[in-house]
file work-v8.pdb (PDB, C-alpha atoms)
MODEL        1
ATOM      1  CA  MET A   1     -17.747  27.275  -7.902
ATOM      2  CA  PRO A   2     -18.292  24.577 -10.565
ATOM      3  CA  ARG A   3     -14.929  25.382 -12.192
ATOM      4  CA  ARG A   4     -13.166  25.132  -8.860
ATOM      5  CA  PHE A   5     -14.849  21.803  -8.162
ATOM      6  CA  LEU A   6     -13.928  20.469 -11.629
ATOM      7  CA  ALA A   7     -10.313  21.366 -10.936
ATOM      8  CA  TYR A   8     -10.315  19.115  -7.850
ATOM      9  CA  ALA A   9     -12.460  16.328  -9.315
ATOM     10  CA  PRO A  10      -9.541  14.295 -10.796
ATOM     11  CA  PHE A  11      -7.738  14.471  -7.449
ATOM     12  CA  LEU A  12     -10.810  13.205  -5.584
ATOM     13  CA  ILE A  13     -11.406  10.404  -8.092
ATOM     14  CA  TRP A  14      -7.770   9.330  -7.756
ATOM     15  CA  GLN A  15      -8.119   9.258  -3.949
ATOM     16  CA  LEU A  16     -11.284   7.161  -4.156
ATOM     17  CA  LEU A  17      -9.670   4.645  -6.492
ATOM     18  CA  CYS A  18      -6.601   4.342  -4.283
ATOM     19  CA  ALA A  19      -8.649   3.975  -1.116
ATOM     20  CA  PHE A  20     -10.824   1.177  -2.473
ATOM     21  CA  SER A  21      -8.123  -0.760  -4.335
ATOM     22  CA  VAL A  22      -5.470  -0.688  -1.609
ATOM     23  CA  THR A  23      -7.941  -1.392   1.188
ATOM     24  CA  GLN A  24      -8.766  -4.765  -0.332
ATOM     25  CA  ALA A  25      -5.159  -5.577  -1.216
ATOM     26  CA  TYR A  26      -3.865  -5.119   2.310
ATOM     27  CA  ALA A  27      -6.647  -6.831   4.230
ATOM     28  CA  PHE A  28      -4.728  -9.054   6.652
ATOM     29  CA  SER A  29      -7.539 -10.392   8.756
ATOM     30  CA  MET A  30      -8.771 -13.783   7.626
ATOM     31  CA  ASP A  31     -12.252 -15.154   8.159
ATOM     32  CA  LYS A  32     -12.850 -18.852   7.497
ATOM     33  CA  SER A  33     -15.958 -18.073   5.464
ATOM     34  CA  SER A  34     -14.104 -15.697   3.149
ATOM     35  CA  SER A  35     -12.489 -16.430  -0.187
ATOM     36  CA  LEU A  36      -9.047 -16.032   1.431
ATOM     37  CA  ARG A  37      -9.398 -19.463   3.015
ATOM     38  CA  GLU A  38      -7.450 -21.154   0.204
ATOM     39  CA  GLN A  39      -4.386 -19.127   1.166
ATOM     40  CA  CYS A  40      -4.419 -20.673   4.633
ATOM     41  CA  GLU A  41      -4.406 -24.273   3.588
ATOM     42  CA  ILE A  42      -1.338 -26.322   2.858
ATOM     43  CA  THR A  43      -0.885 -29.948   1.964
ATOM     44  CA  ILE A  44       1.435 -32.566   3.304
ATOM     45  CA  GLY A  45       1.524 -34.941   0.383
ATOM     46  CA  PRO A  46      -2.137 -35.547  -0.437
ATOM     47  CA  ASP A  47      -3.381 -34.519   3.005
ATOM     48  CA  PRO A  48      -4.756 -30.980   3.580
ATOM     49  CA  VAL A  49      -3.967 -28.913   6.676
ATOM     50  CA  SER A  50      -5.851 -25.707   7.490
ATOM     51  CA  ILE A  51      -4.076 -22.889   9.319
ATOM     52  CA  VAL A  52      -5.645 -20.189  11.483
ATOM     53  CA  SER A  53      -3.560 -17.813  13.590
ATOM     54  CA  TYR A  54      -4.355 -15.314  16.320
ATOM     55  CA  MET A  55      -2.656 -12.469  18.147
ATOM     56  CA  PRO A  56      -4.609 -12.715  21.430
ATOM     57  CA  ASP A  57      -2.861  -9.783  23.121
ATOM     58  CA  GLN A  58      -3.335  -7.399  20.177
ATOM     59  CA  SER A  59      -6.463  -8.249  18.208
ATOM     60  CA  ARG A  60      -9.510 -10.468  17.986
ATOM     61  CA  ASP A  61      -8.932 -10.976  14.259
ATOM     62  CA  ARG A  62      -7.794 -14.194  12.626
ATOM     63  CA  PHE A  63      -4.674 -14.070  10.508
ATOM     64  CA  CYS A  64      -3.190 -16.257   7.824
ATOM     65  CA  ASP A  65       0.428 -15.573   6.867
ATOM     66  CA  GLU A  66       0.823 -11.826   7.520
ATOM     67  CA  PHE A  67       1.021 -10.329  11.004
ATOM     68  CA  PRO A  68       1.181  -6.546  11.541
ATOM     69  CA  PHE A  69       3.755  -6.562  14.346
ATOM     70  CA  PRO A  70       5.678  -8.885  16.701
ATOM     71  CA  GLY A  71       4.128 -10.302  19.850
ATOM     72  CA  LYS A  72       2.394 -13.412  21.056
ATOM     73  CA  ILE A  73       1.031 -15.432  18.138
ATOM     74  CA  VAL A  74      -1.002 -18.613  18.399
ATOM     75  CA  LEU A  75      -0.689 -20.845  15.330
ATOM     76  CA  THR A  76      -3.373 -23.508  14.914
ATOM     77  CA  PHE A  77      -2.881 -26.299  12.380
ATOM     78  CA  ASP A  78      -6.130 -28.208  11.778
ATOM     79  CA  LEU A  79      -5.517 -31.726  10.494
ATOM     80  CA  ILE A  80      -8.383 -32.084   8.045
ATOM     81  CA  SER A  81      -7.454 -35.611   7.011
ATOM     82  CA  THR A  82      -8.362 -38.091   9.755
ATOM     83  CA  ARG A  83      -5.433 -40.300   8.670
ATOM     84  CA  LEU A  84      -2.989 -37.679   9.994
ATOM     85  CA  ARG A  85      -4.537 -37.852  13.456
ATOM     86  CA  ASP A  86      -3.030 -41.293  14.004
ATOM     87  CA  LEU A  87       0.530 -40.407  12.977
ATOM     88  CA  PRO A  88       3.310 -38.749  15.013
ATOM     89  CA  ILE A  89       3.849 -35.125  13.957
ATOM     90  CA  ASP A  90       6.421 -32.528  14.942
ATOM     91  CA  VAL A  91       6.474 -28.816  14.159
ATOM     92  CA  ARG A  92       9.566 -26.609  14.019
ATOM     93  CA  LEU A  93       9.307 -22.792  13.994
ATOM     94  CA  VAL A  94      12.252 -21.177  12.245
ATOM     95  CA  TYR A  95      13.393 -17.570  11.764
ATOM     96  CA  GLU A  96      14.449 -16.958   8.138
ATOM     97  CA  PRO A  97      16.623 -13.819   8.078
ATOM     98  CA  ASN A  98      18.017 -14.392   4.567
ATOM     99  CA  GLY A  99      15.040 -15.803   2.678
ATOM    100  CA  SER A 100      13.404 -19.202   2.530
ATOM    101  CA  LEU A 101      15.152 -22.127   4.114
ATOM    102  CA  GLU A 102      14.580 -25.590   2.766
ATOM    103  CA  ASN A 103      13.983 -28.681   4.842
ATOM    104  CA  ASP A 104      17.482 -30.008   4.174
ATOM    105  CA  SER A 105      19.118 -26.756   5.310
ATOM    106  CA  ASP A 106      20.712 -26.508   8.714
ATOM    107  CA  LEU A 107      17.636 -25.377  10.621
ATOM    108  CA  ASP A 108      19.110 -25.755  14.105
ATOM    109  CA  LYS A 109      20.815 -22.326  14.009
ATOM    110  CA  THR A 110      17.571 -20.418  13.399
ATOM    111  CA  THR A 111      15.047 -22.644  15.207
ATOM    112  CA  ILE A 112      13.007 -20.803  17.809
ATOM    113  CA  ASN A 113      10.557 -23.529  18.882
ATOM    114  CA  VAL A 114      10.222 -27.283  18.351
ATOM    115  CA  THR A 115       7.459 -29.633  19.394
ATOM    116  CA  GLY A 116       8.461 -33.233  19.869
ATOM    117  CA  GLN A 117       6.864 -36.057  17.927
ATOM    118  CA  LYS A 118       3.320 -36.325  19.167
ATOM    119  CA  ILE A 119       0.015 -37.786  18.014
ATOM    120  CA  TYR A 120      -2.895 -35.324  17.827
ATOM    121  CA  PRO A 121      -6.105 -37.400  17.977
ATOM    122  CA  ASN A 122      -8.312 -34.281  18.239
ATOM    123  CA  GLY A 123      -6.874 -32.974  14.950
ATOM    124  CA  ALA A 124      -5.553 -29.620  16.167
ATOM    125  CA  ILE A 125      -1.921 -28.643  16.673
ATOM    126  CA  VAL A 126      -1.761 -25.428  18.713
ATOM    127  CA  ILE A 127       1.542 -23.613  19.119
ATOM    128  CA  ALA A 128       1.812 -20.344  21.049
ATOM    129  CA  ASN A 129       5.044 -18.421  20.671
ATOM    130  CA  ASN A 130       6.193 -14.916  21.553
ATOM    131  CA  PHE A 131       7.900 -13.463  18.467
ATOM    132  CA  SER A 132      10.211 -10.645  19.507
ATOM    133  CA  LYS A 133      11.250  -9.251  16.122
ATOM    134  CA  SER A 134       9.849  -8.607  12.680
ATOM    135  CA  GLY A 135      10.882 -10.698   9.711
ATOM    136  CA  ASN A 136      10.212 -13.882   7.808
ATOM    137  CA  TYR A 137       9.443 -17.102   9.638
ATOM    138  CA  ALA A 138       8.410 -20.618   8.688
ATOM    139  CA  ALA A 139       6.795 -23.623  10.308
ATOM    140  CA  PHE A 140       8.133 -26.977   9.144
ATOM    141  CA  ILE A 141       5.539 -29.680   9.768
ATOM    142  CA  THR A 142       6.881 -33.238   9.626
ATOM    143  CA  ILE A 143       4.687 -36.334   9.489
ATOM    144  CA  HIS A 144       6.325 -39.605  10.569
ATOM    145  CA  GLU A 145       4.623 -42.397   8.679
ATOM    146  CA  PRO A 146       5.055 -46.109   9.316
ATOM    147  CA  PHE A 147       8.189 -47.869   8.032
ATOM    148  CA  GLY A 148      10.394 -44.796   8.577
ATOM    149  CA  VAL A 149       8.910 -42.583   5.855
ATOM    150  CA  THR A 150       8.718 -38.873   6.702
ATOM    151  CA  ARG A 151       6.999 -36.052   4.834
ATOM    152  CA  THR A 152       7.704 -32.399   5.558
ATOM    153  CA  THR A 153       6.015 -29.256   4.358
ATOM    154  CA  ARG A 154       6.885 -25.617   4.913
ATOM    155  CA  PHE A 155       4.417 -22.858   5.857
ATOM    156  CA  GLY A 156       6.012 -19.423   5.543
ATOM    157  CA  PHE A 157       4.699 -16.295   7.256
ATOM    158  CA  ARG A 158       5.787 -12.711   7.821
ATOM    159  CA  ILE A 159       5.718 -10.592  10.948
ATOM    160  CA  GLY A 160       6.021  -6.829  10.686
ATOM    161  CA  GLY A 161       5.029  -4.135   8.266
ATOM    162  CA  LYS A 162       2.905  -2.128  10.694
ATOM    163  CA  ILE A 163       2.393   0.618   8.106
ATOM    164  CA  LEU A 164       0.572  -1.816   5.811
ATOM    165  CA  TYR A 165      -1.798  -2.676   8.624
ATOM    166  CA  TYR A 166      -2.838   0.977   8.934
ATOM    167  CA  THR A 167      -2.907   1.769   5.198
ATOM    168  CA  PRO A 168      -6.726   1.746   4.901
ATOM    169  CA  ALA A 169      -7.064   4.218   7.777
ATOM    170  CA  ILE A 170      -4.350   6.481   6.348
ATOM    171  CA  LEU A 171      -6.000   6.514   2.914
ATOM    172  CA  ALA A 172      -9.410   7.225   4.430
ATOM    173  CA  ALA A 173      -7.931  10.183   6.340
ATOM    174  CA  ILE A 174      -6.363  11.556   3.152
ATOM    175  CA  PHE A 175      -9.670  11.198   1.339
ATOM    176  CA  LEU A 176     -11.579  12.996   4.097
ATOM    177  CA  PHE A 177      -8.971  15.763   4.176
ATOM    178  CA  GLY A 178      -9.424  16.175   0.418
ATOM    179  CA  LEU A 179     -13.188  16.471   0.795
ATOM    180  CA  VAL A 180     -12.876  19.064   3.558
ATOM    181  CA  TYR A 181     -10.313  21.003   1.544
ATOM    182  CA  VAL A 182     -12.540  21.112  -1.537
ATOM    183  CA  TYR A 183     -15.540  22.106   0.546
ATOM    184  CA  CYS A 184     -13.748  24.898   2.422
ATOM    185  CA  PHE A 185     -11.531  26.358  -0.294
ATOM    186  CA  GLY A 186     -13.496  25.397  -3.376
ATOM    187  CA  ARG A 187     -16.372  27.761  -2.565
ATOM    188  CA  LYS A 188     -14.468  31.027  -3.081
TER     189      LYS A 188
ENDMDL
END

call {"tool": "encode", "arguments": {"input": "work-v8.pdb", "output": "structure tokens"}}
result
Amino acid sequence: MPRRFLAYAPFLIWQLLCAFSVTQAYAFSMDKSSSLREQCEITIGPDPVSIVSYMPDQSRDRFCDEFPFPGKIVLTFDLISTRLRDLPIDVRLVYEPNGSLENDSDLDKTTINVTGQKIYPNGAIVIANNFSKSGNYAAFITIHEPFGVTRTTRFGFRIGGKILYYTPAILAAIFLFGLVYVYCFGRK
């Protein structure tokens, strides 16, 4: 029995390493208290904006810039700087089928949602949109400052990749299968 177990030991160690390394790499859910918070903050000039997203019909988790599959997504942009709360802001959601679009590109062809210029005194911009297909998307946030100055920033996100969402469960199942296999067939 010990020889049989030693023959399977490298395989089991490899499975353990894969399960623990990939599980952390593909963790999509974002909690504000976690170290992933920096990934969900952007700046518009010197002003920070925090982003938290939800899929209310699918999950109770919070997401940053990766969503497992299409559906209703609620994007929340928190205006951390109080100065931004007094300025008109508009947000444009854009589908990016061929890679990143820049602000000066013709965005009208791929725009899926636009909010008009509006002041958000409570500091939260909430946009709910039903995304029907997987792919790359972006939110262009434009601040309209006094004297005609505008500042725009781009927040890119991806929808799709359902297999990556289930990777930890798949790896755990493979690991458990390996343990059962060694236990059942390693004893002979």

call {"tool": "atom_distance", "arguments": {"input": "work-v8.pdb", "atom1": "atom CA of Asp57 of chain A", "atom2": "atom CA of Gly71 of chain A"}}
result
7.7 Å

call {"tool": "resolve_selection", "arguments": {"input": "work-v8.pdb", "expression": "the PyMOL selection byres ((chain A and resi 88-104) around 6)", "output": "count of residues only"}}
result
21

call {"tool": "closest_residue", "arguments": {"input": "work-v8.pdb", "among": "A:Thr43, A:Ser59, A:Asn122, A:Thr167", "to": "Thr82 of chain A", "atoms": "only C-alpha atoms"}}
result
A:Asn122

call {"tool": "atom_distance", "arguments": {"input": "work-v8.pdb", "atom1": "atom CA of Ala124 of chain A", "atom2": "atom CA of Cys40 of chain A"}}
result
14.6 Å

call {"tool": "atom_distance", "arguments": {"input": "work-v8.pdb", "atom1": "atom CA of Pro46 of chain A", "atom2": "atom CA of Ile127 of chain A"}}
result
23.2 Å

call {"tool": "resolve_selection", "arguments": {"input": "work-v8.pdb", "expression": "the PyMOL selection byres ((chain A and resi 55) around 10)", "output": "PDB file with C-alpha atoms, in the frame of the given file"}}
result
ATOM      1  CA  SER A  53      -3.560 -17.813  13.590  1.00  0.00           C
ATOM      2  CA  TYR A  54      -4.355 -15.314  16.320  1.00  0.00           C
ATOM      3  CA  PRO A  56      -4.609 -12.715  21.430  1.00  0.00           C
ATOM      4  CA  ASP A  57      -2.861  -9.783  23.121  1.00  0.00           C
ATOM      5  CA  GLN A  58      -3.335  -7.399  20.177  1.00  0.00           C
ATOM      6  CA  SER A  59      -6.463  -8.249  18.208  1.00  0.00           C
ATOM      7  CA  ARG A  60      -9.510 -10.468  17.986  1.00  0.00           C
ATOM      8  CA  ASP A  61      -8.932 -10.976  14.259  1.00  0.00           C
ATOM      9  CA  ARG A  62      -7.794 -14.194  12.626  1.00  0.00           C
ATOM     10  CA  PHE A  63      -4.674 -14.070  10.508  1.00  0.00           C
ATOM     11  CA  PHE A  67       1.021 -10.329  11.004  1.00  0.00           C
ATOM     12  CA  PRO A  68       1.181  -6.546  11.541  1.00  0.00           C
ATOM     13  CA  PHE A  69       3.755  -6.562  14.346  1.00  0.00           C
ATOM     14  CA  PRO A  70       5.678  -8.885  16.701  1.00  0.00           C
ATOM     15  CA  GLY A  71       4.128 -10.302  19.850  1.00  0.00           C
ATOM     16  CA  LYS A  72       2.394 -13.412  21.056  1.00  0.00           C
ATOM     17  CA  ILE A  73       1.031 -15.432  18.138  1.00  0.00           C
ATOM     18  CA  VAL A  74      -1.002 -18.613  18.399  1.00  0.00           C
ATOM     19  CA  LEU A  75      -0.689 -20.845  15.330  1.00  0.00           C
ATOM     20  CA  ALA A 128       1.812 -20.344  21.049  1.00  0.00           C
ATOM     21  CA  ASN A 130       6.193 -14.916  21.553  1.00  0.00           C
TER      22      ASN A 130
END

call {"tool": "closest_residue", "arguments": {"input": "work-v8.pdb", "among": "A:Val180, A:Ile51, A:Leu84, A:Ala169", "to": "Glu145 of chain A", "atoms": "all atoms listed in the file"}}
result
A:Leu84
